[in-house]
$ cat model_35.cif   # mmCIF, C-alpha atoms
data_final
loop_
_atom_site.label_atom_id
_atom_site.label_comp_id
_atom_site.auth_asym_id
_atom_site.auth_seq_id
_atom_site.Cartn_x
_atom_site.Cartn_y
_atom_site.Cartn_z
CA MET A 916 -15.41 -37.19 -101.95
CA SER A 917 -14.95 -38.67 -98.48
CA ARG A 918 -14.17 -42.24 -97.45
CA ILE A 919 -16.57 -44.01 -95.09
CA LEU A 920 -16.26 -47.52 -93.70
CA PHE A 921 -19.40 -49.44 -92.80
CA LEU A 922 -18.78 -52.38 -90.45
CA GLY A 923 -21.71 -54.77 -90.75
CA ALA A 924 -23.65 -55.65 -93.90
CA GLY A 925 -27.06 -56.16 -92.33
CA MET A 926 -30.16 -54.38 -93.55
CA MET A 927 -29.80 -51.12 -91.64
CA GLY A 928 -26.13 -50.58 -92.35
CA ALA A 929 -26.62 -51.34 -96.04
CA ALA A 930 -29.64 -49.04 -96.16
CA ILE A 931 -27.60 -46.11 -94.85
CA THR A 932 -25.06 -46.64 -97.64
CA VAL A 933 -27.79 -45.55 -100.09
CA PRO A 934 -27.90 -41.85 -99.09
CA ALA A 935 -24.16 -41.90 -98.35
CA ALA A 936 -23.42 -43.09 -101.89
CA GLU A 937 -25.67 -40.39 -103.34
CA ASN A 938 -23.40 -37.88 -101.60
CA ALA A 939 -20.62 -39.23 -103.86
CA HIS A 940 -18.63 -40.83 -101.06
CA SER A 941 -16.37 -43.85 -101.43
CA ILE A 942 -17.77 -46.61 -99.23
CA SER A 943 -16.16 -49.77 -97.89
CA LEU A 944 -18.78 -52.24 -96.65
CA VAL A 945 -17.09 -54.76 -94.37
CA GLY A 946 -19.09 -57.80 -93.31
CA THR A 947 -19.05 -59.36 -89.87
CA PRO A 948 -18.54 -63.12 -89.45
CA PHE A 949 -22.31 -63.48 -89.95
CA ASP A 950 -22.44 -61.53 -93.23
CA ALA A 951 -20.44 -63.79 -95.55
CA ASP A 952 -23.32 -64.76 -97.85
CA THR A 953 -24.53 -61.16 -98.10
CA ILE A 954 -21.05 -59.85 -98.89
CA ARG A 955 -20.58 -62.48 -101.60
CA SER A 956 -23.92 -61.51 -103.16
CA ILE A 957 -22.98 -57.83 -103.20
CA ALA A 958 -19.55 -58.63 -104.64
CA ARG A 959 -21.09 -60.66 -107.48
CA THR A 960 -24.02 -58.47 -108.49
CA GLY A 961 -24.42 -55.55 -106.08
CA TRP A 962 -27.65 -57.13 -104.81
CA HIS A 963 -28.41 -57.03 -101.08
CA PRO A 964 -30.64 -60.06 -100.44
CA GLY A 965 -32.12 -58.83 -97.17
CA LEU A 966 -33.09 -55.41 -98.48
CA GLU A 967 -33.92 -56.80 -101.93
CA THR A 968 -32.13 -53.73 -103.27
CA GLN A 969 -29.31 -53.05 -105.70
CA LEU A 970 -26.57 -51.12 -103.91
CA SER A 971 -24.53 -48.37 -105.54
CA GLY A 972 -21.38 -49.21 -107.44
CA GLN A 973 -19.60 -46.89 -105.01
CA VAL A 974 -20.07 -49.53 -102.30
CA GLU A 975 -17.08 -51.90 -102.25
CA PRO A 976 -17.76 -55.07 -100.22
CA PHE A 977 -15.19 -56.90 -98.11
CA GLU A 978 -15.22 -59.89 -95.82
CA PHE A 979 -13.66 -58.74 -92.56
CA GLU A 980 -10.74 -61.21 -92.81
CA SER A 981 -9.77 -59.88 -96.24
CA PHE A 982 -10.00 -56.15 -95.55
CA PRO A 983 -6.59 -54.74 -96.57
CA GLU A 984 -4.20 -53.58 -93.86
CA ASP A 985 -4.09 -50.09 -95.34
CA GLY A 986 -7.82 -50.03 -96.08
CA ALA A 987 -8.57 -47.57 -93.27
CA ALA A 988 -6.13 -44.94 -94.51
CA GLY A 989 -7.85 -41.63 -95.14
CA LEU A 990 -11.17 -42.59 -93.57
CA GLU A 991 -13.34 -39.71 -92.41
CA MET A 992 -15.93 -41.79 -90.52
CA ILE A 993 -16.87 -45.33 -89.50
CA VAL A 994 -20.46 -46.57 -89.22
CA ALA A 995 -20.69 -49.52 -86.81
CA ALA A 996 -23.78 -51.29 -88.14
CA VAL A 997 -23.75 -54.22 -85.73
CA THR A 998 -26.04 -55.36 -82.94
CA SER A 999 -25.40 -54.28 -79.37
CA ALA A 1000 -24.25 -57.84 -78.57
CA ALA A 1001 -21.58 -57.61 -81.30
CA LEU A 1002 -20.41 -54.14 -80.30
CA PRO A 1003 -17.44 -55.24 -78.13
CA TRP A 1004 -16.09 -57.26 -81.09
CA ALA A 1005 -16.70 -54.32 -83.44
CA CYS A 1006 -14.85 -51.91 -81.14
CA ARG A 1007 -11.83 -54.20 -81.00
CA TRP A 1008 -11.85 -54.57 -84.80
CA ILE A 1009 -12.09 -50.79 -85.29
CA ALA A 1010 -9.27 -50.15 -82.80
CA ASP A 1011 -7.02 -52.67 -84.57
CA THR A 1012 -7.92 -51.48 -88.08
CA CYS A 1013 -8.29 -47.71 -87.89
CA ARG A 1014 -5.43 -45.98 -86.12
CA GLU A 1015 -6.91 -42.51 -86.52
CA PRO A 1016 -9.70 -41.71 -84.00
CA VAL A 1017 -12.36 -40.73 -86.54
CA PRO A 1018 -16.04 -40.43 -85.55
CA VAL A 1019 -17.77 -43.77 -85.02
CA VAL A 1020 -21.52 -43.81 -85.68
CA LEU A 1021 -23.60 -46.49 -83.93
CA VAL A 1022 -26.62 -48.03 -85.62
CA ALA A 1023 -27.45 -50.34 -82.70
CA LYS A 1024 -30.05 -49.09 -80.25
CA GLY A 1025 -29.70 -50.18 -76.67
CA VAL A 1026 -28.09 -49.63 -73.31
CA SER A 1027 -25.19 -51.29 -71.58
CA ALA A 1028 -25.40 -52.78 -68.12
CA ALA A 1029 -22.39 -52.05 -65.97
CA SER A 1030 -22.11 -53.76 -62.59
CA ASP A 1031 -24.15 -51.10 -60.81
CA ARG A 1032 -25.92 -49.05 -63.48
CA LEU A 1033 -27.34 -48.79 -66.99
CA GLU A 1034 -25.52 -46.49 -69.41
CA PRO A 1035 -26.02 -45.28 -73.00
CA LEU A 1036 -24.55 -47.57 -75.62
CA SER A 1037 -22.44 -44.72 -77.02
CA ASP A 1038 -20.70 -44.27 -73.65
CA PHE A 1039 -20.01 -48.01 -73.51
CA ALA A 1040 -18.62 -47.95 -77.08
CA ALA A 1041 -16.38 -44.95 -76.34
CA SER A 1042 -14.97 -46.76 -73.30
CA GLU A 1043 -14.42 -50.01 -75.25
CA LEU A 1044 -12.65 -48.16 -78.08
CA ALA A 1045 -10.43 -46.27 -75.63
CA GLN A 1046 -9.49 -49.45 -73.77
CA ALA A 1047 -8.71 -51.32 -76.98
CA SER A 1048 -6.71 -48.55 -78.64
CA GLY A 1049 -5.59 -46.01 -76.06
CA ARG A 1050 -7.23 -43.37 -78.25
CA ALA A 1051 -10.41 -41.33 -77.83
CA TYR A 1052 -12.86 -41.99 -80.67
CA PRO A 1053 -15.87 -39.64 -80.73
CA VAL A 1054 -19.07 -41.71 -80.84
CA VAL A 1055 -22.41 -40.73 -82.37
CA ALA A 1056 -25.65 -42.69 -81.87
CA ILE A 1057 -28.47 -42.75 -84.42
CA ALA A 1058 -31.96 -42.74 -82.88
CA GLY A 1059 -35.41 -42.33 -84.35
CA PRO A 1060 -37.87 -44.03 -86.70
CA CYS A 1061 -36.10 -45.80 -89.54
CA ILE A 1062 -37.28 -48.96 -91.28
CA ALA A 1063 -34.34 -50.11 -93.38
CA ARG A 1064 -36.32 -50.91 -96.55
CA ASP A 1065 -38.02 -47.51 -96.45
CA LEU A 1066 -34.65 -45.77 -96.37
CA ALA A 1067 -33.15 -48.02 -99.03
CA ASN A 1068 -36.12 -47.19 -101.26
CA LYS A 1069 -35.43 -43.47 -100.67
CA HIS A 1070 -38.56 -42.67 -98.68
CA HIS A 1071 -38.31 -39.60 -96.43
CA THR A 1072 -36.76 -40.60 -93.12
CA SER A 1073 -35.96 -38.35 -90.15
CA VAL A 1074 -33.68 -39.44 -87.30
CA VAL A 1075 -31.47 -37.79 -84.71
CA LEU A 1076 -27.73 -37.93 -84.10
CA ALA A 1077 -26.98 -37.99 -80.37
CA SER A 1078 -23.41 -37.38 -79.25
CA ARG A 1079 -21.40 -35.83 -76.44
CA ASP A 1080 -19.13 -34.53 -79.23
CA VAL A 1081 -21.18 -32.07 -81.29
CA ALA A 1082 -18.42 -31.71 -83.88
CA ALA A 1083 -18.55 -35.45 -84.57
CA ALA A 1084 -22.34 -35.29 -84.93
CA ARG A 1085 -21.92 -32.49 -87.48
CA VAL A 1086 -19.50 -34.65 -89.48
CA ALA A 1087 -22.04 -37.48 -89.53
CA LYS A 1088 -24.81 -35.12 -90.60
CA ARG A 1089 -22.70 -33.73 -93.44
CA LEU A 1090 -21.62 -37.13 -94.74
CA LEU A 1091 -24.88 -39.04 -94.42
CA GLY A 1092 -27.72 -36.51 -94.70
CA GLY A 1093 -29.49 -35.79 -97.94
CA ALA A 1094 -32.70 -35.02 -99.80
CA TYR A 1095 -34.66 -37.82 -98.11
CA TYR A 1096 -32.45 -38.79 -95.12
CA HIS A 1097 -33.04 -35.94 -92.68
CA LEU A 1098 -30.66 -35.74 -89.71
CA GLN A 1099 -31.03 -33.57 -86.62
CA ILE A 1100 -28.38 -33.17 -83.94
CA GLU A 1101 -29.74 -34.15 -80.52
CA PRO A 1102 -27.83 -32.87 -77.47
CA ASP A 1103 -29.84 -35.03 -75.03
CA VAL A 1104 -27.70 -38.16 -75.36
CA ASP A 1105 -29.14 -39.92 -72.30
CA GLY A 1106 -32.73 -39.17 -73.30
CA ALA A 1107 -32.31 -40.22 -76.93
CA GLU A 1108 -30.45 -43.45 -76.20
CA PHE A 1109 -32.67 -44.59 -73.34
CA CYS A 1110 -35.69 -43.87 -75.55
CA ALA A 1111 -34.10 -45.88 -78.36
CA ALA A 1112 -33.62 -48.81 -76.01
CA PHE A 1113 -36.82 -48.82 -73.96
CA LYS A 1114 -39.05 -48.28 -76.96
CA ASN A 1115 -38.19 -51.87 -77.96
CA LEU A 1116 -39.78 -53.16 -74.76
CA TYR A 1117 -42.78 -50.89 -75.08
CA ALA A 1118 -43.31 -51.90 -78.72
CA ILE A 1119 -43.76 -55.49 -77.52
CA ALA A 1120 -46.43 -54.30 -75.08
CA VAL A 1121 -48.25 -52.20 -77.69
CA GLY A 1122 -48.04 -55.10 -80.14
CA TRP A 1123 -49.56 -57.31 -77.47
CA GLY A 1124 -52.56 -54.99 -77.37
CA ALA A 1125 -52.82 -55.13 -81.16
CA GLY A 1126 -52.76 -58.92 -81.07
CA ILE A 1127 -55.52 -59.05 -78.49
CA GLY A 1128 -57.54 -56.60 -80.56
CA ALA A 1129 -57.17 -58.73 -83.68
CA ARG A 1130 -58.04 -61.93 -81.81
CA THR A 1131 -61.13 -60.61 -80.04
CA SER A 1132 -62.52 -58.23 -82.68
CA SER A 1133 -66.19 -58.64 -83.49
CA ALA A 1134 -66.22 -55.77 -85.99
CA PRO A 1135 -67.62 -56.45 -89.47
CA GLY A 1136 -65.01 -57.96 -91.75
CA GLY A 1137 -62.76 -58.78 -88.83
CA VAL A 1138 -61.41 -55.24 -88.58
CA PRO A 1139 -59.12 -55.23 -85.52
CA THR A 1140 -59.98 -53.01 -82.60
CA VAL A 1141 -57.51 -50.27 -81.72
CA ASN A 1142 -58.64 -48.90 -78.35
CA LEU A 1143 -56.32 -51.06 -76.25
CA LYS A 1144 -53.36 -50.58 -78.59
CA ALA A 1145 -53.80 -46.80 -78.50
CA THR A 1146 -54.11 -46.75 -74.71
CA LEU A 1147 -50.95 -48.81 -74.30
CA PHE A 1148 -49.10 -46.51 -76.73
CA ALA A 1149 -50.04 -43.47 -74.63
CA GLN A 1150 -49.04 -45.26 -71.41
CA ALA A 1151 -45.71 -46.19 -73.00
CA LEU A 1152 -44.92 -42.54 -73.75
CA LEU A 1153 -45.77 -41.51 -70.19
CA GLU A 1154 -43.50 -44.17 -68.76
CA MET A 1155 -40.66 -43.43 -71.18
CA GLY A 1156 -40.71 -39.75 -70.21
CA TYR A 1157 -40.62 -40.67 -66.52
CA LEU A 1158 -37.75 -43.13 -66.98
CA ILE A 1159 -35.70 -40.76 -69.11
CA GLU A 1160 -35.64 -38.15 -66.36
CA ILE A 1161 -34.48 -40.76 -63.86
CA PHE A 1162 -31.62 -41.75 -66.17
CA GLY A 1163 -30.51 -38.15 -66.65
CA GLY A 1164 -32.36 -37.08 -69.79
CA ASN A 1165 -35.12 -34.64 -70.70
CA ASP A 1166 -38.63 -36.11 -70.53
CA LYS A 1167 -39.64 -34.12 -73.64
CA THR A 1168 -37.28 -36.28 -75.71
CA ALA A 1169 -39.86 -39.06 -75.34
CA LEU A 1170 -42.22 -37.01 -77.52
CA GLY A 1171 -39.73 -36.57 -80.36
CA PRO A 1172 -38.24 -38.81 -83.07
CA ALA A 1173 -36.18 -40.89 -80.64
CA GLY A 1174 -39.26 -41.63 -78.50
CA ALA A 1175 -42.73 -41.42 -80.00
CA GLY A 1176 -41.47 -41.57 -83.58
CA ASP A 1177 -39.31 -44.65 -83.11
CA LEU A 1178 -41.94 -46.36 -80.96
CA TYR A 1179 -44.59 -45.89 -83.66
CA ALA A 1180 -42.34 -47.27 -86.42
CA THR A 1181 -41.33 -50.25 -84.31
CA CYS A 1182 -44.94 -51.02 -83.36
CA GLU A 1183 -46.02 -50.91 -87.00
CA ALA A 1184 -43.16 -52.60 -88.80
CA GLY A 1185 -40.51 -53.85 -86.38
CA ARG A 1186 -39.74 -57.27 -84.94
CA ASN A 1187 -40.59 -56.15 -81.40
CA GLY A 1188 -44.12 -55.18 -82.39
CA ARG A 1189 -44.51 -58.45 -84.27
CA LEU A 1190 -43.41 -60.42 -81.20
CA GLY A 1191 -46.04 -58.61 -79.13
CA ARG A 1192 -48.76 -59.32 -81.70
CA HIS A 1193 -47.98 -63.04 -81.59
CA MET A 1194 -48.13 -62.95 -77.79
CA GLY A 1195 -51.42 -61.08 -77.93
CA THR A 1196 -52.97 -63.90 -79.94
CA GLY A 1197 -52.33 -66.21 -76.99
CA LEU A 1198 -48.82 -67.59 -77.58
CA PRO A 1199 -46.43 -67.36 -74.60
CA PHE A 1200 -43.13 -65.61 -75.28
CA GLN A 1201 -41.09 -68.82 -75.36
CA ALA A 1202 -43.52 -70.39 -77.84
CA VAL A 1203 -43.15 -67.40 -80.16
CA VAL A 1204 -39.34 -67.44 -80.22
CA ALA A 1205 -39.36 -71.22 -80.68
CA GLY A 1206 -42.04 -71.05 -83.38
CA PRO A 1207 -43.05 -68.23 -85.75
CA MET A 1208 -40.04 -66.03 -84.88
CA GLN A 1209 -37.45 -68.76 -84.47
CA GLY A 1210 -33.95 -67.54 -85.29
CA GLU A 1211 -34.89 -63.84 -85.37
CA THR A 1212 -33.11 -61.28 -83.20
CA VAL A 1213 -35.68 -59.39 -81.13
CA GLU A 1214 -33.92 -56.49 -79.42
CA GLY A 1215 -36.65 -55.95 -76.84
CA ALA A 1216 -36.44 -59.52 -75.59
CA GLU A 1217 -32.67 -59.28 -75.21
CA LEU A 1218 -33.03 -55.93 -73.48
CA ALA A 1219 -35.58 -57.33 -71.02
CA ALA A 1220 -33.10 -59.90 -69.72
CA LEU A 1221 -30.40 -57.24 -69.49
CA VAL A 1222 -32.33 -54.55 -67.62
CA GLN A 1223 -34.69 -56.55 -65.39
CA PRO A 1224 -32.22 -56.90 -62.47
CA HIS A 1225 -31.39 -53.19 -62.58
CA ILE A 1226 -35.00 -52.04 -62.86
CA GLY A 1227 -35.98 -54.40 -60.06
CA ALA A 1228 -33.23 -53.06 -57.81
CA MET A 1229 -34.18 -49.45 -58.57
CA ILE A 1230 -37.82 -50.18 -57.73
CA ALA A 1231 -36.81 -51.92 -54.50
CA SER A 1232 -34.65 -48.95 -53.49
CA GLY A 1233 -37.39 -46.44 -54.28
CA ARG A 1234 -35.48 -44.76 -57.09
CA ILE A 1235 -38.19 -45.88 -59.53
CA ALA A 1236 -41.82 -45.78 -58.36
CA ALA A 1237 -43.46 -49.04 -59.44
CA ALA A 1238 -46.81 -47.28 -59.76
CA ARG A 1239 -45.32 -45.08 -62.51
CA VAL A 1240 -44.14 -47.98 -64.71
CA PRO A 1241 -46.84 -50.69 -64.64
CA LEU A 1242 -46.46 -51.43 -68.36
CA LEU A 1243 -42.69 -51.86 -68.11
CA THR A 1244 -42.90 -54.18 -65.10
CA ALA A 1245 -45.64 -56.22 -66.80
CA ILE A 1246 -43.64 -56.87 -69.97
CA LEU A 1247 -40.49 -57.66 -67.98
CA ARG A 1248 -42.44 -60.23 -65.95
CA GLU A 1249 -43.94 -61.80 -69.06
CA ILE A 1250 -40.63 -62.17 -70.90
CA CYS A 1251 -38.33 -62.98 -67.98
CA ASP A 1252 -40.55 -64.92 -65.58
CA GLY A 1253 -42.21 -67.30 -68.02
CA PRO A 1254 -45.71 -68.02 -69.24
CA GLN A 1255 -47.21 -68.12 -65.76
CA ALA A 1256 -46.89 -64.31 -65.60
CA ARG A 1257 -49.71 -62.75 -67.61
CA PHE A 1258 -50.64 -59.16 -68.34
CA ASP A 1259 -53.08 -57.75 -65.80
CA PHE A 1260 -54.69 -54.94 -67.76
CA ALA A 1261 -56.67 -53.75 -64.76
CA GLU A 1262 -53.36 -53.16 -62.99
CA ILE A 1263 -51.65 -51.61 -65.99
CA LEU A 1264 -54.44 -49.22 -66.91
CA GLY A 1265 -55.37 -48.28 -63.36
CA VAL A 1266 -58.82 -49.89 -63.51
CA THR A 1267 -60.42 -50.88 -60.21
CA ALA A 1268 -63.38 -53.19 -59.67
#

$ encode --input "model_35.cif" --output "structure tokens"
Amino acid sequence: MSRILFLGAGMMGAAITVPAAENAHSISLVGTPFDADTIRSIARTGWHPGLETQLSGQVEPFEFESFPEDGAAGLEMIVAAVTSAALPWACRWIADTCREPVPVVLVAKGVSAASDRLEPLSDFAASELAQASGRAYPVVAIAGPCIARDLANKHHTSVVLASRDVAAARVAKRLLGGAYYHLQIEPDVDGAEFCAAFKNLYAIAVGWGAGIGARTSSAPGGVPTVNLKATLFAQALLEMGYLIEIFGGNDKTALGPAGAGDLYATCEAGRNGRLGRHMGTGLPFQAVVAGPMQGETVEGAELAALVQPHIGAMIASGRIAAARVPLLTAILREICDGPQARFDFAEILGVTA
């Protein structure tokens, strides 16, 4: 039996405790400042209200303020199940709590924006942990298609573990993998993490096409059209492969679990795809986040604000060819520049009059 600490009691972190518990590990589930109600529910009955799932009795919940000082003794791994925005806080908490530099697995999917570049979130986390502790924690990033409820309900799920420390990735695979949670080690860290981030933006665009199809369908029974959605999905994969190479990865990673697989899952069942569908029905972005999706965290929207200045500068300098990323530039305009910027499908799909 190994000891694993999960920091963050949201849906994805709690879902990953399900296969971990089946591997007979002892699990500490530590809530963030936003998880108090969830932690109290788990402490009372074992019920996770977001997942609507009963967690294993091997999962011991803690509010972060009450986690014992010696609670990290003997840990073999930490799973940081927090959003990218909360990652700096999580790194400081880990550095203060766990003195041994055990592998840290990231659930968040995104990139970090340094002053002059974009970098994988795992590199950012490794730097934050080192600065906060003076120790080198190996960091592993999870990427690939995983809807939390599917995993919690023990449906087959296949994701990749991307890390610059292969030994740490092997530890994560051994501790978390199982009969239905299939883990592959991915050496292309840059490709996997940039796919994991950019697919959130592209899922909004594909969802937009789905929303337009549903709104304009004249098929019997109101069956939505799929031509536009499918075309945008294909364009998204082409652009992701192109961008990955620019950021130092292998373009073929865009066709694997971290790219095509994760994009498909997010389009079908994620918040980013749902945002796009609302926009495709005619609602501007700001109206969606103030209305039907008020209070929800939409990673793609946050990412758009983060990367737009960098992508714009790279296009201006010629490092990125604007003609190769029409879908990316269109969604960045729509989210960042306001409702006056609308999708021009003739431009995106290369159609001329």

$ residues_around --input "model_35.cif" --residues "stretch 1038-1051 of chain A" --least-positions-apart "5" --cutoff "6 Å" --atoms "only C-alpha atoms" --output "PyMOL selection string"
chain A and resi 1006-1007+1010

$ residues_near_point --input "model_35.cif" --point "(-44.3, -48.8, -80.4)" --cutoff "9 Å" --atoms "only C-alpha atoms" --output "list in words"
Lys1114, Asn1115, Leu1116, Tyr1117, Ala1118, Ile1119, Ala1120, Val1121, Gly1122, Phe1148, Ala1151, Gly1174, Ala1175, Gly1176, Asp1177, Leu1178, Tyr1179, Ala1180, Thr1181, Cys1182, Glu1183, Gly1185, Asn1187 and Gly1188 of chain A

$ axis_aligned_box --input "model_35.cif" --around "stretch 1007-1014 of chain A" --padding-each-side "6 Å" --output "AutoDock Vina command-line options"
--center_x -8.8 --center_y -50.3 --center_z -84.5 --size_x 18.7 --size_y 20.6 --size_z 19.1

$ atom_distance --input "model_35.cif" --atom1 "atom CA of A:Ser1232" --atom2 "atom CA of A:Ala1112"
22.5 Å

$ residues_around --input "model_35.cif" --residues "stretch 1020-1031 of chain A" --least-positions-apart "4" --cutoff "6 Å" --atoms "all atoms listed in the file" --output "NGL selection string"
:A and (994-996 or 998-999 or 1035-1036 or 1054-1057 or 1111-1112)

$ write_last_selection --input "model_35.cif" --atoms "C-alpha atoms" --output "PDB file, in the frame of the given file"
ATOM      1  CA  VAL A 994     -20.460 -46.570 -89.220  1.00  0.00           C
ATOM      2  CA  ALA A 995     -20.690 -49.520 -86.810  1.00  0.00           C
ATOM      3  CA  ALA A 996     -23.780 -51.290 -88.140  1.00  0.00           C
ATOM      4  CA  THR A 998     -26.040 -55.360 -82.940  1.00  0.00           C
ATOM      5  CA  SER A 999     -25.400 -54.280 -79.370  1.00  0.00           C
ATOM      6  CA  PRO A1035     -26.020 -45.280 -73.000  1.00  0.00           C
ATOM      7  CA  LEU A1036     -24.550 -47.570 -75.620  1.00  0.00           C
ATOM      8  CA  VAL A1054     -19.070 -41.710 -80.840  1.00  0.00           C
ATOM      9  CA  VAL A1055     -22.410 -40.730 -82.370  1.00  0.00           C
ATOM     10  CA  ALA A1056     -25.650 -42.690 -81.870  1.00  0.00           C
ATOM     11  CA  ILE A1057     -28.470 -42.750 -84.420  1.00  0.00           C
ATOM     12  CA  ALA A1111     -34.100 -45.880 -78.360  1.00  0.00           C
ATOM     13  CA  ALA A1112     -33.620 -48.810 -76.010  1.00  0.00           C
TER      14      ALA A1112
END

$ closest_residue --input "model_35.cif" --among "A:Leu970, A:Ala1077, A:Leu922, A:Leu1143" --to "A:Thr1131" --atoms "all atoms listed in the file"
A:Leu1143

$ resolve_selection --input "model_35.cif" --expression "the PyMOL selection byres ((chain A and resi 1153-1162) around 7)" --output "ChimeraX atom specification"
/A:1105-1106,1109-1110,1149-1152,1163-1167,1169,1239-1240

$ resolve_selection --input "model_35.cif" --expression "the PyMOL selection byres ((chain A and resi 1222-1225) around 9)" --output "PyMOL selection string"
chain A and resi 1026-1028+1031-1033+1217-1221+1226-1230+1244+1247-1248+1251

$ write_last_selection --input "model_35.cif" --atoms "C-alpha atoms" --output "compact mmCIF listing (two decimals), in the coordinates of the input"
# COMPACT_ATOMS: atom_id res chain seq x y z
CA VAL A 1026 -28.09 -49.63 -73.31
CA SER A 1027 -25.19 -51.29 -71.58
CA ALA A 1028 -25.40 -52.78 -68.12
CA ASP A 1031 -24.15 -51.10 -60.81
CA ARG A 1032 -25.92 -49.05 -63.48
CA LEU A 1033 -27.34 -48.79 -66.99
CA GLU A 1217 -32.67 -59.28 -75.21
CA LEU A 1218 -33.03 -55.93 -73.48
CA ALA A 1219 -35.58 -57.33 -71.02
CA ALA A 1220 -33.10 -59.90 -69.72
CA LEU A 1221 -30.40 -57.24 -69.49
CA ILE A 1226 -35.00 -52.04 -62.86
CA GLY A 1227 -35.98 -54.40 -60.06
CA ALA A 1228 -33.23 -53.06 -57.81
CA MET A 1229 -34.18 -49.45 -58.57
CA ILE A 1230 -37.82 -50.18 -57.73
CA THR A 1244 -42.90 -54.18 -65.10
CA LEU A 1247 -40.49 -57.66 -67.98
CA ARG A 1248 -42.44 -60.23 -65.95
CA CYS A 1251 -38.33 -62.98 -67.98

$ atom_distance --input "model_35.cif" --atom1 "atom CA of A:Glu967" --atom2 "atom CA of A:Arg1186"
18.0 Å

$ atom_distance --input "model_35.cif" --atom1 "atom CA of A:Val1141" --atom2 "atom CA of A:Ala1125"
6.8 Å

$ closest_residue --input "model_35.cif" --among "A:Lys1088, A:Met1194, A:Thr1168, A:Ala1245" --to "A:Pro1207" --atoms "only C-alpha atoms"
A:Met1194

$ residues_around --input "model_35.cif" --residues "A:Ser956" --least-positions-apart "2" --cutoff "12 Å" --atoms "all atoms listed in the file" --output "ChimeraX atom specification"
/A:924,946,950-954,958-970,975-978

$ residues_around --input "model_35.cif" --residues "A:Leu1076" --least-positions-apart "6" --cutoff "9 Å" --atoms "only C-alpha atoms" --output "PyMOL selection string"
chain A and resi 1020+1055-1059+1084-1085+1087-1088+1098-1102+1104+1107

$ residues_around --input "model_35.cif" --residues "A:Gly989" --least-positions-apart "4" --cutoff "12 Å" --atoms "all atoms listed in the file" --output "list in words"
Met916, Ser917, Arg918, Ile919, Leu920, Ser941, Ile942, Ser943, Asp985, Ile993, Cys1013, Arg1014, Glu1015, Pro1016 and Val1017 of chain A

$ closest_residue --input "model_35.cif" --among "A:Thr1146, A:Ser981, A:Thr932, A:Asn938" --to "A:Ile1263" --atoms "only C-alpha atoms"
A:Thr1146

$ closest_residue --input "model_35.cif" --among "A:Gly1215, A:Pro1053, A:Gly986, A:Gly1126" --to "A:Val1019" --atoms "all atoms listed in the file"
A:Pro1053
